[in-house]
file upload.txt (compact mmCIF, C-alpha atoms)
# COMPACT_ATOMS: atom_id res chain seq x y z
CA MET A 19 76.62 29.84 -54.65
CA ALA A 20 74.54 29.30 -51.50
CA GLU A 21 71.38 29.63 -53.59
CA ASN A 22 72.64 26.95 -56.02
CA SER A 23 73.36 24.47 -53.19
CA LEU A 24 69.89 24.98 -51.73
CA SER A 25 68.24 24.50 -55.08
CA ASP A 26 70.35 21.35 -55.68
CA GLY A 27 69.12 19.59 -52.42
CA SER A 28 65.61 20.96 -52.17
CA PRO A 29 63.71 19.06 -54.93
CA ALA A 30 64.97 15.63 -53.80
CA ASP A 31 64.18 16.33 -50.13
CA SER A 32 60.74 17.65 -50.99
CA ALA A 33 59.94 14.63 -53.11
CA GLU A 34 61.04 12.21 -50.35
CA ALA A 35 59.02 14.08 -47.74
CA ALA A 36 55.95 14.06 -49.95
CA LYS A 37 56.35 10.34 -50.54
CA ASN A 38 56.65 9.61 -46.79
CA ALA A 39 53.61 11.74 -46.03
CA SER A 40 51.60 9.91 -48.66
CA ASN A 41 52.64 6.51 -47.29
CA THR A 42 51.74 7.60 -43.74
CA GLU A 43 48.30 8.76 -44.86
CA LYS A 44 47.68 5.47 -46.67
CA LEU A 45 48.77 3.45 -43.60
CA THR A 46 46.57 5.57 -41.34
CA ASP A 47 43.60 5.06 -43.65
CA GLN A 48 44.19 1.29 -43.68
CA VAL A 49 44.46 1.13 -39.88
CA MET A 50 41.37 3.25 -39.33
CA GLN A 51 39.38 1.00 -41.66
CA ASN A 52 40.21 -2.04 -39.48
CA PRO A 53 37.16 -2.79 -37.27
CA GLN A 54 39.27 -4.30 -34.50
CA VAL A 55 41.48 -1.23 -34.21
CA LEU A 56 38.45 1.06 -34.17
CA ALA A 57 36.78 -1.08 -31.48
CA ALA A 58 39.92 -1.00 -29.33
CA LEU A 59 40.20 2.77 -29.67
CA GLN A 60 36.53 3.21 -28.81
CA GLU A 61 36.89 0.97 -25.74
CA ARG A 62 39.84 3.02 -24.52
CA LEU A 63 37.93 6.24 -25.03
CA ASP A 64 34.93 4.79 -23.20
CA ASN A 65 37.12 3.76 -20.26
CA VAL A 66 38.67 7.19 -20.04
CA SER A 67 35.39 9.02 -20.26
CA HIS A 68 33.52 6.81 -17.77
CA THR A 69 35.92 6.67 -14.80
CA PRO A 70 34.16 7.84 -11.62
CA SER A 71 36.51 10.76 -11.04
CA SER A 72 36.20 12.03 -14.60
CA TYR A 73 32.41 11.75 -14.38
CA ILE A 74 32.30 13.71 -11.12
CA GLU A 75 34.37 16.46 -12.72
CA THR A 76 31.71 16.93 -15.40
CA LEU A 77 28.90 17.49 -12.91
CA PRO A 78 27.51 20.98 -12.22
CA LYS A 79 28.84 22.84 -9.20
CA ALA A 80 25.50 22.57 -7.38
CA VAL A 81 25.56 18.74 -7.68
CA LYS A 82 29.17 18.60 -6.42
CA ARG A 83 28.07 20.63 -3.41
CA ARG A 84 25.39 18.02 -2.60
CA ILE A 85 27.96 15.20 -2.99
CA ASN A 86 30.15 16.94 -0.40
CA ALA A 87 27.16 16.97 1.94
CA LEU A 88 26.80 13.19 1.45
CA LYS A 89 30.47 12.77 2.39
CA GLN A 90 29.84 14.70 5.60
CA LEU A 91 27.04 12.24 6.40
CA GLN A 92 29.37 9.33 5.61
CA VAL A 93 31.94 10.58 8.13
CA ARG A 94 29.21 10.79 10.78
CA CYS A 95 28.22 7.19 9.93
CA ALA A 96 31.84 6.11 10.44
CA HIS A 97 31.86 7.66 13.93
CA ILE A 98 28.60 5.87 14.81
CA GLU A 99 30.14 2.62 13.54
CA ALA A 100 33.15 3.22 15.82
CA LYS A 101 30.76 3.54 18.79
CA PHE A 102 29.12 0.28 17.71
CA TYR A 103 32.46 -1.54 17.87
CA GLU A 104 33.19 -0.04 21.29
CA GLU A 105 29.95 -1.60 22.55
CA VAL A 106 30.90 -4.88 20.87
CA HIS A 107 34.14 -4.77 22.87
CA ASP A 108 32.08 -4.27 26.05
CA LEU A 109 30.00 -7.33 25.09
CA GLU A 110 33.15 -9.36 24.49
CA ARG A 111 34.33 -8.44 27.99
CA LYS A 112 30.96 -9.44 29.45
CA TYR A 113 30.89 -12.82 27.73
CA ALA A 114 34.57 -13.48 28.42
CA ALA A 115 33.61 -13.57 32.10
CA LEU A 116 30.97 -16.23 31.27
CA TYR A 117 33.45 -18.34 29.28
CA GLN A 118 36.16 -18.16 31.94
CA PRO A 119 34.78 -20.81 34.34
CA LEU A 120 34.68 -23.25 31.41
CA PHE A 121 38.24 -22.34 30.40
CA ASP A 122 39.36 -22.78 34.03
CA LYS A 123 37.88 -26.28 34.03
CA ARG A 124 39.57 -26.93 30.69
CA ARG A 125 42.91 -26.07 32.31
CA GLU A 126 42.21 -28.42 35.22
CA PHE A 127 41.52 -31.31 32.83
CA ILE A 128 44.62 -30.51 30.76
CA THR A 129 46.97 -30.29 33.75
CA GLY A 130 45.40 -33.33 35.45
CA ASP A 131 44.46 -31.40 38.58
CA VAL A 132 40.89 -32.65 38.10
CA GLU A 133 39.68 -35.85 36.46
CA PRO A 134 36.48 -35.46 34.38
CA THR A 135 33.46 -37.48 35.44
CA ASP A 136 31.93 -40.12 33.17
CA ALA A 137 29.18 -37.68 32.25
CA GLU A 138 31.71 -34.93 31.45
CA SER A 139 33.81 -37.25 29.29
CA ALA A 140 30.91 -38.80 27.34
CA TRP A 141 31.05 -37.82 23.67
CA HIS A 142 29.00 -39.09 20.74
CA SER A 143 31.14 -39.89 17.72
CA GLU A 144 29.93 -40.17 14.11
CA ASN A 145 31.83 -43.46 13.83
CA GLU A 146 30.53 -44.76 17.15
CA GLU A 147 29.49 -48.21 15.84
CA GLU A 148 32.82 -48.84 14.15
CA GLU A 149 34.64 -47.64 17.24
CA LYS A 150 32.52 -49.95 19.44
CA LEU A 151 33.47 -52.99 17.36
CA ALA A 152 37.10 -51.96 17.35
CA GLY A 153 36.82 -51.32 21.08
CA ASP A 154 35.50 -54.84 21.74
CA MET A 155 38.47 -56.30 19.90
CA LYS A 156 40.85 -54.04 21.81
CA ASN A 157 39.27 -55.07 25.12
CA LYS A 158 40.02 -58.72 24.43
CA VAL A 159 43.63 -57.85 23.63
CA VAL A 160 43.90 -55.60 26.68
CA ILE A 161 42.56 -58.33 28.99
CA ALA A 162 45.14 -60.75 27.66
CA GLU A 163 47.89 -58.17 28.07
CA LYS A 164 46.79 -57.35 31.61
CA GLU A 165 46.95 -60.98 32.59
CA ALA A 166 50.51 -61.22 31.27
CA ALA A 167 51.67 -57.76 32.33
CA THR A 168 53.21 -56.99 35.69
CA ALA A 169 51.24 -54.29 37.44
CA GLU A 170 51.03 -50.65 36.50
CA GLU A 171 48.82 -49.42 33.76
CA LEU A 172 50.20 -46.39 31.93
CA ASN A 173 48.03 -43.41 32.76
CA PRO A 174 49.70 -40.04 32.13
CA LYS A 175 48.50 -37.05 34.07
CA GLY A 176 46.03 -34.78 32.27
CA ILE A 177 46.62 -34.26 28.54
CA PRO A 178 50.38 -34.14 27.97
CA GLU A 179 51.83 -31.41 25.74
CA PHE A 180 48.36 -30.02 24.96
CA TRP A 181 49.35 -26.46 24.02
CA PHE A 182 52.65 -27.52 22.47
CA THR A 183 50.70 -29.85 20.14
CA ILE A 184 48.55 -26.90 19.06
CA PHE A 185 51.68 -24.91 18.26
CA ARG A 186 52.92 -27.83 16.20
CA ASN A 187 49.58 -28.27 14.38
CA VAL A 188 49.05 -24.64 13.36
CA ASP A 189 51.36 -23.50 10.57
CA MET A 190 51.28 -19.85 11.63
CA LEU A 191 52.69 -20.84 15.03
CA SER A 192 54.95 -23.75 14.07
CA GLU A 193 56.89 -21.42 11.76
CA LEU A 194 57.94 -19.40 14.83
CA VAL A 195 59.04 -22.37 16.92
CA GLN A 196 62.67 -23.48 16.84
CA GLU A 197 63.84 -26.90 18.01
CA TYR A 198 65.28 -25.42 21.22
CA ASP A 199 61.91 -23.74 21.97
CA GLU A 200 60.08 -27.06 22.08
CA PRO A 201 61.12 -28.31 25.55
CA ILE A 202 60.09 -24.91 26.99
CA LEU A 203 56.67 -24.90 25.31
CA LYS A 204 55.98 -28.34 26.75
CA HIS A 205 55.69 -26.55 30.12
CA LEU A 206 52.90 -24.26 28.81
CA GLN A 207 49.72 -24.99 30.80
CA ASP A 208 47.25 -22.35 29.64
CA ILE A 209 46.68 -19.32 27.41
CA LYS A 210 44.16 -16.68 28.49
CA VAL A 211 42.72 -13.53 26.91
CA LYS A 212 42.02 -10.54 29.16
CA PHE A 213 40.07 -7.53 27.83
CA SER A 214 40.68 -3.95 28.93
CA ASP A 215 38.53 -2.62 31.78
CA PRO A 216 35.54 -0.34 31.13
CA GLY A 217 36.60 3.25 30.51
CA GLN A 218 40.16 2.21 29.59
CA PRO A 219 41.62 2.43 26.06
CA MET A 220 40.61 -0.58 23.99
CA SER A 221 43.14 -3.44 24.28
CA PHE A 222 43.53 -7.10 25.13
CA VAL A 223 46.25 -9.12 26.88
CA LEU A 224 47.43 -12.63 26.04
CA GLU A 225 48.61 -14.49 29.14
CA PHE A 226 50.83 -17.56 28.71
CA HIS A 227 50.85 -19.60 31.95
CA PHE A 228 53.83 -21.91 32.54
CA GLU A 229 54.48 -24.52 35.18
CA PRO A 230 57.79 -24.22 37.10
CA ASN A 231 60.62 -25.04 34.69
CA ASP A 232 64.39 -24.91 34.22
CA TYR A 233 64.33 -21.99 31.76
CA PHE A 234 62.79 -18.90 33.39
CA THR A 235 61.20 -17.91 36.69
CA ASN A 236 58.10 -16.10 35.32
CA PRO A 237 54.90 -18.06 36.00
CA VAL A 238 53.13 -15.91 33.35
CA LEU A 239 54.38 -14.22 30.16
CA THR A 240 52.18 -11.45 28.75
CA LYS A 241 51.64 -9.68 25.45
CA THR A 242 49.40 -6.59 25.33
CA TYR A 243 47.76 -5.48 22.06
CA LYS A 244 46.54 -1.89 21.88
CA MET A 245 43.58 -1.18 19.63
CA LYS A 246 41.93 1.81 18.02
CA SER A 247 38.29 2.10 17.07
CA GLU A 248 37.89 5.51 15.52
CA PRO A 249 38.06 6.85 11.98
CA ASP A 250 41.36 8.35 10.87
CA LYS A 251 41.00 12.12 10.58
CA ALA A 252 43.07 12.15 7.39
CA ASP A 253 41.16 9.25 5.80
CA PRO A 254 37.85 8.61 7.63
CA PHE A 255 36.40 6.51 4.79
CA SER A 256 39.01 3.78 5.31
CA PHE A 257 37.51 2.84 8.71
CA GLU A 258 36.43 -0.82 8.81
CA GLY A 259 36.32 -1.46 12.54
CA PRO A 260 38.84 -1.78 15.39
CA GLU A 261 42.46 -2.37 14.43
CA ILE A 262 45.55 -3.28 16.42
CA VAL A 263 47.91 -0.31 16.40
CA ASP A 264 50.69 -1.32 18.80
CA CYS A 265 51.79 -4.02 21.24
CA ASP A 266 53.93 -4.45 24.34
CA GLY A 267 55.68 -7.57 25.55
CA CYS A 268 57.25 -8.41 28.89
CA THR A 269 60.68 -9.12 30.38
CA ILE A 270 61.50 -12.81 30.60
CA ASP A 271 63.60 -13.63 33.66
CA TRP A 272 65.80 -16.28 32.11
CA LYS A 273 67.80 -18.61 34.31
CA LYS A 274 71.56 -18.58 33.77
CA GLY A 275 72.56 -20.00 30.41
CA LYS A 276 68.95 -20.75 29.39
CA ASN A 277 68.06 -17.68 27.27
CA VAL A 278 67.16 -19.08 23.83
CA THR A 279 66.60 -15.62 22.32
CA VAL A 280 70.35 -14.95 22.20
CA LYS A 281 73.35 -17.03 21.19
CA THR A 282 77.01 -16.66 22.09
CA ILE A 283 79.52 -16.45 19.26
CA LYS A 284 83.31 -16.37 19.35
CA LYS A 285 85.23 -13.90 17.23
CA LYS A 286 88.97 -13.54 16.71
CA GLN A 287 90.51 -10.06 16.81
CA LYS A 288 94.03 -9.17 15.66
CA HIS A 289 95.90 -6.31 17.37
CA LYS A 290 97.03 -3.82 14.71
CA GLY A 291 100.29 -2.91 16.40
CA ARG A 292 101.50 -6.08 18.08
CA GLY A 293 99.90 -8.54 15.69
CA THR A 294 98.63 -10.67 18.53
CA VAL A 295 95.28 -12.46 18.19
CA ARG A 296 92.67 -12.72 20.90
CA THR A 297 89.30 -14.46 20.98
CA ILE A 298 86.29 -12.54 22.28
CA THR A 299 82.77 -13.80 22.92
CA LYS A 300 79.61 -11.78 22.35
CA GLN A 301 75.89 -12.39 22.43
CA VAL A 302 73.79 -11.83 19.31
CA PRO A 303 70.03 -12.21 18.71
CA ASN A 304 68.77 -15.71 18.01
CA GLU A 305 65.57 -16.81 16.28
CA SER A 306 63.02 -18.06 18.80
CA PHE A 307 59.28 -18.05 19.49
CA PHE A 308 60.07 -16.20 22.71
CA ASN A 309 61.05 -13.11 20.70
CA PHE A 310 57.25 -12.81 20.50
CA PHE A 311 57.47 -11.14 23.93
CA SER A 312 59.95 -8.49 22.70
CA PRO A 313 57.95 -7.02 19.82
CA LEU A 314 58.90 -4.31 17.40
CA LYS A 315 57.31 -0.99 18.42
CA ALA A 316 55.02 0.88 16.07
CA SER A 317 56.45 4.27 15.19
CA GLY A 318 54.75 6.95 17.26
CA ASP A 319 56.90 9.94 16.36
CA GLY A 320 55.65 10.37 12.81
CA GLU A 321 58.56 8.46 11.27
CA SER A 322 57.53 5.66 8.94
CA LEU A 323 58.85 2.11 9.38
CA ASP A 324 60.76 0.38 6.61
CA GLU A 325 59.02 -2.31 4.57
CA ASP A 326 60.49 -5.26 6.52
CA SER A 327 59.55 -3.72 9.86
CA GLU A 328 56.00 -3.03 8.69
CA PHE A 329 55.67 -6.67 7.55
CA THR A 330 57.02 -7.94 10.89
CA LEU A 331 54.61 -5.75 12.84
CA ALA A 332 51.64 -6.74 10.66
CA SER A 333 52.50 -10.44 11.14
CA ASP A 334 52.71 -9.93 14.91
CA PHE A 335 49.27 -8.27 14.94
CA GLU A 336 47.85 -11.12 12.87
CA ILE A 337 49.22 -13.75 15.27
CA GLY A 338 47.84 -11.88 18.30
CA HIS A 339 44.43 -11.66 16.66
CA PHE A 340 44.55 -15.38 15.79
CA PHE A 341 45.31 -16.35 19.39
CA ARG A 342 42.42 -14.22 20.62
CA GLU A 343 39.79 -15.14 18.03
CA ARG A 344 40.65 -18.77 17.19
CA ILE A 345 43.22 -20.56 19.34
CA VAL A 346 42.02 -19.70 22.86
CA PRO A 347 38.25 -20.10 22.26
CA ARG A 348 38.62 -23.37 20.26
CA ALA A 349 41.79 -24.89 21.70
CA VAL A 350 40.63 -28.53 21.78
CA LEU A 351 39.70 -28.43 18.08
CA TYR A 352 43.16 -27.16 17.15
CA PHE A 353 44.65 -29.91 19.36
CA THR A 354 42.68 -32.63 17.52
CA GLY A 355 43.13 -30.93 14.13
CA GLU A 356 39.38 -30.57 13.45
CA ALA A 357 39.53 -26.76 13.39
CA ILE A 358 42.48 -26.88 10.99
CA GLU A 359 40.49 -29.13 8.62
CA ASP A 360 37.56 -26.69 8.80
CA ASP A 361 39.89 -23.78 8.01
CA ASP A 362 41.38 -25.69 5.06
CA ASN A 363 37.93 -26.56 3.70
CA PHE A 364 36.87 -22.93 3.98
CA GLU A 365 39.94 -21.78 2.07
CA GLU A 366 39.40 -24.43 -0.62
CA GLY A 367 35.78 -23.27 -0.98
CA GLU A 368 36.95 -19.69 -1.53
CA GLU A 369 39.47 -20.83 -4.15
CA GLY A 370 36.75 -22.82 -5.91
CA GLU A 371 34.53 -19.76 -6.10
CA GLU A 372 37.37 -17.71 -7.55
CA GLU A 373 38.07 -20.36 -10.20
CA GLU A 374 34.38 -20.47 -11.10
CA LEU A 375 34.30 -16.70 -11.51
CA GLU A 376 37.41 -16.82 -13.68
CA GLY A 377 35.72 -19.47 -15.82
CA ASP A 378 32.69 -17.22 -16.27
CA GLU A 379 34.95 -14.36 -17.34
CA GLU A 380 36.65 -16.62 -19.90
CA GLY A 381 33.23 -17.57 -21.24
CA GLU A 382 32.36 -13.90 -21.66
CA GLU A 383 35.60 -13.33 -23.56
CA GLU A 384 34.75 -16.23 -25.88
CA ASP A 385 31.31 -14.74 -26.51
CA ASP A 386 32.94 -11.41 -27.36
CA ALA A 387 35.27 -13.18 -29.77
CA ASP A 388 32.25 -14.65 -31.59
CA VAL A 389 30.67 -11.22 -31.91
CA ASN A 390 33.87 -9.51 -33.05
CA PRO A 391 35.79 -12.11 -35.07
CA LYS A 392 39.35 -11.34 -36.08
CA VAL A 393 39.76 -9.89 -39.54
call {"tool": "encode", "arguments": {"input": "upload.txt", "output": "C-alpha cells"}}
result
Amino acid sequence: MAENSLSDGSPADSAEAAKNASNTEKLTDQVMQNPQVLAALQERLDNVSHTPSSYIETLPKAVKRRINALKQLQVRCAHIEAKFYEEVHDLERKYAALYQPLFDKRREFITGDVEPTDAESAWHSENEEEEKLAGDMKNKVVIAEKEAATAEELNPKGIPEFWFTIFRNVDMLSELVQEYDEPILKHLQDIKVKFSDPGQPMSFVLEFHFEPNDYFTNPVLTKTYKMKSEPDKADPFSFEGPEIVDCDGCTIDWKKGKNVTVKTIKKKQKHKGRGTVRTITKQVPNESFFNFFSPLKASGDGESLDEDSEFTLASDFEIGHFFRERIVPRAVLYFTGEAIEDDDNFEEGEEGEEEELEGDEEGEEEDDADVNPKV
C-alpha cells in the first residue's frame, strides 16, 4: 500500500520539478544574455579582485617580506616627524616671546591704560576717499552740534567690551555663552597663550584675565591643554602631528550668590508615614560658558568614554585649539568681523570645489551611459 501511495504522488511531483528547473534555466539564460547584467557582474568581480588587501594576499612570500620592511621604515619616519613637531613647538615658544610685547600693548589700548599716538592709530583704508568725503560732512555736523551742546564729549575708555564682542561674533563661542554670562564676560580684559617650558611635556595654557568684578575674586582663570607628539604604539601609521589628549581647568572663587554654573531648585517631599510635605532646596548644574573651566577628564584608566562624553571632549579640544591658533593671534580681526568673513569665504571656496568635482563625476556617469545604453 505504501508503494502505491509513492507511485501515485511521484510522477506529478517529478513533472512539476522538471518544469520549474526548465523555467529557471531559461530565466538564467535570458539574464546572462543581458549586457547590462553581465557588465554589472564583471564590475563587481573586478572590485573584489582589485582591492588592495586582496592584491597583497596574492603576492609571493618574499615580496610580502619586503613590504614589511617598508612598514618598519614608515614607523621610523613617523618618529622623525614627531621630533619635527617637537621642534616646531620650541619655535612657537620662541616666537610667542616676540609677539608678547605687541599683545601687551594691545591690552593697554583695549583697557585704555595707554592712548595710541597718531602714528600708531594711522590706518589706510580701501575706501579712504569715500570716508574722507563722509568725514567732511560729519565734521560740519559735529561742529554745529558742539556749538549747541553743553560741554563733555563722549569718549569711552579704551575699546569697550572688546573680548565680549569677539565671543558674540564667533559662532563657536557664542553658542557657549548664556545671557547671564554676558555681564561677566564684559569684564574680560585679555586672553593669553603660554607654552610649556623646554624639557616639559608638550602643553599650552589659556589665561583669561579679568578686571575686578562682582562675580569672582580670581584675577586670572586658566585652562591647560596637554598634548602628545608621538606615534601610537598600537597604530603608528595614524600619526598626523601633535594632538590634544587631555585638559585641566581651575577653581573659580565665586562670590556669594554669583555662581552661574549652578542653579538652585526647590523640590517638595512628602513624608511617607506622617503625610506631611516639606520643601527642600538643592543646587544642580547650570549651562554656562564658565563650565569651560571644569572640563570633562579624558579616561586614563583604559575605560572608554561614552559617545556623548567623547563628543564633549572633542569639542572642548577644538575650542582650545581655536583660541590658541586663531582668536588670540588675530583678535582685532575677529572683533571687526574681517577674520570671520575670511573664514566664511574659505569655507565657500571649499564647497565650490566639492560641487565642481561632483559635477565632473556626473559628467563621467553620463559618458558611461552613452557607451553602455540601456537595453
call {"tool": "atom_distance", "arguments": {"input": "upload.txt", "atom1": "atom CA of Met220 of chain A", "atom2": "atom CA of Phe121 of chain A"}}
result
22.8 Å
call {"tool": "closest_residue", "arguments": {"input": "upload.txt", "among": "A:Asn277, A:Ile85, A:Glu105, A:Val350", "to": "Ile177 of chain A", "atoms": "all atoms listed in the file"}}
result
A:Val350
call {"tool": "atom_distance", "arguments": {"input": "upload.txt", "atom1": "atom CA of Phe182 of chain A", "atom2": "atom CA of Ile262 of chain A"}}
result
26.0 Å
call {"tool": "atom_distance", "arguments": {"input": "upload.txt", "atom1": "atom CA of Glu325 of chain A", "atom2": "atom CA of Phe257 of chain A"}}
result
22.5 Å
call {"tool": "residues_around", "arguments": {"input": "upload.txt", "residues": "Glu248 of chain A", "least_positions_apart": "4", "cutoff": "8 Å", "atoms": "only C-alpha atoms", "output": "compact mmCIF listing (two decimals) with C-alpha atoms, in the coordinates of the input"}}
result
# COMPACT_ATOMS: atom_id res chain seq x y z
CA ALA A 96 31.84 6.11 10.44
CA HIS A 97 31.86 7.66 13.93
CA ALA A 100 33.15 3.22 15.82
CA PHE A 257 37.51 2.84 8.71
CA GLY A 259 36.32 -1.46 12.54
CA PRO A 260 38.84 -1.78 15.39
call {"tool": "build_atoms", "arguments": {"input": "upload.txt", "residues": "segment 182-192 of chain A", "atoms": "all heavy atoms", "output": "PDB file, in the frame of the given file"}}
result
ATOM      1  N   PHE A 182      51.531 -27.332  23.392  1.00  0.00           N
ATOM      2  CA  PHE A 182      52.650 -27.520  22.470  1.00  0.00           C
ATOM      3  C   PHE A 182      52.173 -28.209  21.188  1.00  0.00           C
ATOM      4  O   PHE A 182      52.617 -27.873  20.084  1.00  0.00           O
ATOM      5  CB  PHE A 182      53.753 -28.345  23.131  1.00  0.00           C
ATOM      6  CG  PHE A 182      54.827 -28.787  22.183  1.00  0.00           C
ATOM      7  CD1 PHE A 182      55.638 -27.854  21.549  1.00  0.00           C
ATOM      8  CD2 PHE A 182      55.028 -30.130  21.898  1.00  0.00           C
ATOM      9  CE1 PHE A 182      56.623 -28.255  20.652  1.00  0.00           C
ATOM     10  CE2 PHE A 182      55.998 -30.538  21.019  1.00  0.00           C
ATOM     11  CZ  PHE A 182      56.807 -29.598  20.387  1.00  0.00           C
ATOM     12  N   THR A 183      51.253 -29.165  21.318  1.00  0.00           N
ATOM     13  CA  THR A 183      50.700 -29.850  20.140  1.00  0.00           C
ATOM     14  C   THR A 183      49.961 -28.870  19.248  1.00  0.00           C
ATOM     15  O   THR A 183      50.028 -28.959  18.013  1.00  0.00           O
ATOM     16  CB  THR A 183      49.771 -30.992  20.587  1.00  0.00           C
ATOM     17  OG1 THR A 183      50.513 -31.901  21.404  1.00  0.00           O
ATOM     18  CG2 THR A 183      49.203 -31.738  19.393  1.00  0.00           C
ATOM     19  N   ILE A 184      49.246 -27.923  19.855  1.00  0.00           N
ATOM     20  CA  ILE A 184      48.550 -26.900  19.060  1.00  0.00           C
ATOM     21  C   ILE A 184      49.557 -26.061  18.286  1.00  0.00           C
ATOM     22  O   ILE A 184      49.363 -25.782  17.095  1.00  0.00           O
ATOM     23  CB  ILE A 184      47.675 -26.007  19.983  1.00  0.00           C
ATOM     24  CG1 ILE A 184      46.532 -26.824  20.573  1.00  0.00           C
ATOM     25  CG2 ILE A 184      47.152 -24.791  19.218  1.00  0.00           C
ATOM     26  CD1 ILE A 184      45.707 -26.091  21.608  1.00  0.00           C
ATOM     27  N   PHE A 185      50.629 -25.657  18.945  1.00  0.00           N
ATOM     28  CA  PHE A 185      51.680 -24.910  18.260  1.00  0.00           C
ATOM     29  C   PHE A 185      52.211 -25.694  17.070  1.00  0.00           C
ATOM     30  O   PHE A 185      52.476 -25.140  15.998  1.00  0.00           O
ATOM     31  CB  PHE A 185      52.841 -24.607  19.228  1.00  0.00           C
ATOM     32  CG  PHE A 185      52.688 -23.341  20.004  1.00  0.00           C
ATOM     33  CD1 PHE A 185      51.772 -23.244  21.039  1.00  0.00           C
ATOM     34  CD2 PHE A 185      53.459 -22.231  19.715  1.00  0.00           C
ATOM     35  CE1 PHE A 185      51.620 -22.070  21.765  1.00  0.00           C
ATOM     36  CE2 PHE A 185      53.321 -21.051  20.435  1.00  0.00           C
ATOM     37  CZ  PHE A 185      52.407 -20.972  21.469  1.00  0.00           C
ATOM     38  N   ARG A 186      52.370 -26.997  17.259  1.00  0.00           N
ATOM     39  CA  ARG A 186      52.920 -27.830  16.200  1.00  0.00           C
ATOM     40  C   ARG A 186      51.918 -28.021  15.059  1.00  0.00           C
ATOM     41  O   ARG A 186      52.298 -28.140  13.895  1.00  0.00           O
ATOM     42  CB  ARG A 186      53.308 -29.190  16.798  1.00  0.00           C
ATOM     43  CG  ARG A 186      54.305 -29.986  15.998  1.00  0.00           C
ATOM     44  CD  ARG A 186      54.866 -31.122  16.827  1.00  0.00           C
ATOM     45  NE  ARG A 186      53.817 -31.860  17.531  1.00  0.00           N
ATOM     46  CZ  ARG A 186      54.056 -32.783  18.452  1.00  0.00           C
ATOM     47  NH1 ARG A 186      55.300 -33.060  18.793  1.00  0.00           N
ATOM     48  NH2 ARG A 186      53.064 -33.421  19.046  1.00  0.00           N
ATOM     49  N   ASN A 187      50.616 -28.038  15.390  1.00  0.00           N
ATOM     50  CA  ASN A 187      49.580 -28.270  14.380  1.00  0.00           C
ATOM     51  C   ASN A 187      49.298 -27.062  13.504  1.00  0.00           C
ATOM     52  O   ASN A 187      48.921 -27.207  12.338  1.00  0.00           O
ATOM     53  CB  ASN A 187      48.269 -28.696  15.058  1.00  0.00           C
ATOM     54  CG  ASN A 187      48.327 -30.106  15.612  1.00  0.00           C
ATOM     55  OD1 ASN A 187      49.238 -30.864  15.295  1.00  0.00           O
ATOM     56  ND2 ASN A 187      47.356 -30.458  16.443  1.00  0.00           N
ATOM     57  N   VAL A 188      49.434 -25.871  14.072  1.00  0.00           N
ATOM     58  CA  VAL A 188      49.050 -24.640  13.360  1.00  0.00           C
ATOM     59  C   VAL A 188      50.274 -24.047  12.661  1.00  0.00           C
ATOM     60  O   VAL A 188      51.250 -23.670  13.316  1.00  0.00           O
ATOM     61  CB  VAL A 188      48.446 -23.607  14.346  1.00  0.00           C
ATOM     62  CG1 VAL A 188      48.095 -22.313  13.626  1.00  0.00           C
ATOM     63  CG2 VAL A 188      47.220 -24.191  15.033  1.00  0.00           C
ATOM     64  N   ASP A 189      50.212 -23.961  11.355  1.00  0.00           N
ATOM     65  CA  ASP A 189      51.360 -23.500  10.570  1.00  0.00           C
ATOM     66  C   ASP A 189      51.854 -22.122  11.005  1.00  0.00           C
ATOM     67  O   ASP A 189      53.061 -21.882  11.098  1.00  0.00           O
ATOM     68  CB  ASP A 189      51.008 -23.464   9.071  1.00  0.00           C
ATOM     69  CG  ASP A 189      50.862 -24.860   8.486  1.00  0.00           C
ATOM     70  OD1 ASP A 189      51.354 -25.815   9.127  1.00  0.00           O
ATOM     71  OD2 ASP A 189      50.252 -25.001   7.417  1.00  0.00           O
ATOM     72  N   MET A 190      50.915 -21.213  11.259  1.00  0.00           N
ATOM     73  CA  MET A 190      51.280 -19.850  11.630  1.00  0.00           C
ATOM     74  C   MET A 190      52.158 -19.821  12.881  1.00  0.00           C
ATOM     75  O   MET A 190      53.045 -18.965  13.006  1.00  0.00           O
ATOM     76  CB  MET A 190      50.008 -19.012  11.868  1.00  0.00           C
ATOM     77  CG  MET A 190      50.278 -17.542  12.158  1.00  0.00           C
ATOM     78  SD  MET A 190      48.758 -16.671  12.628  1.00  0.00           S
ATOM     79  CE  MET A 190      47.829 -16.733  11.113  1.00  0.00           C
ATOM     80  N   LEU A 191      51.931 -20.778  13.788  1.00  0.00           N
ATOM     81  CA  LEU A 191      52.690 -20.840  15.030  1.00  0.00           C
ATOM     82  C   LEU A 191      53.936 -21.707  14.898  1.00  0.00           C
ATOM     83  O   LEU A 191      55.007 -21.370  15.411  1.00  0.00           O
ATOM     84  CB  LEU A 191      51.810 -21.364  16.169  1.00  0.00           C
ATOM     85  CG  LEU A 191      50.521 -20.575  16.437  1.00  0.00           C
ATOM     86  CD1 LEU A 191      49.762 -21.196  17.601  1.00  0.00           C
ATOM     87  CD2 LEU A 191      50.828 -19.114  16.723  1.00  0.00           C
ATOM     88  N   SER A 192      53.811 -22.832  14.195  1.00  0.00           N
ATOM     89  CA  SER A 192      54.950 -23.750  14.070  1.00  0.00           C
ATOM     90  C   SER A 192      56.128 -23.097  13.350  1.00  0.00           C
ATOM     91  O   SER A 192      57.284 -23.437  13.604  1.00  0.00           O
ATOM     92  CB  SER A 192      54.533 -25.028  13.345  1.00  0.00           C
ATOM     93  OG  SER A 192      54.146 -24.751  12.004  1.00  0.00           O
TER      94      SER A 192
END
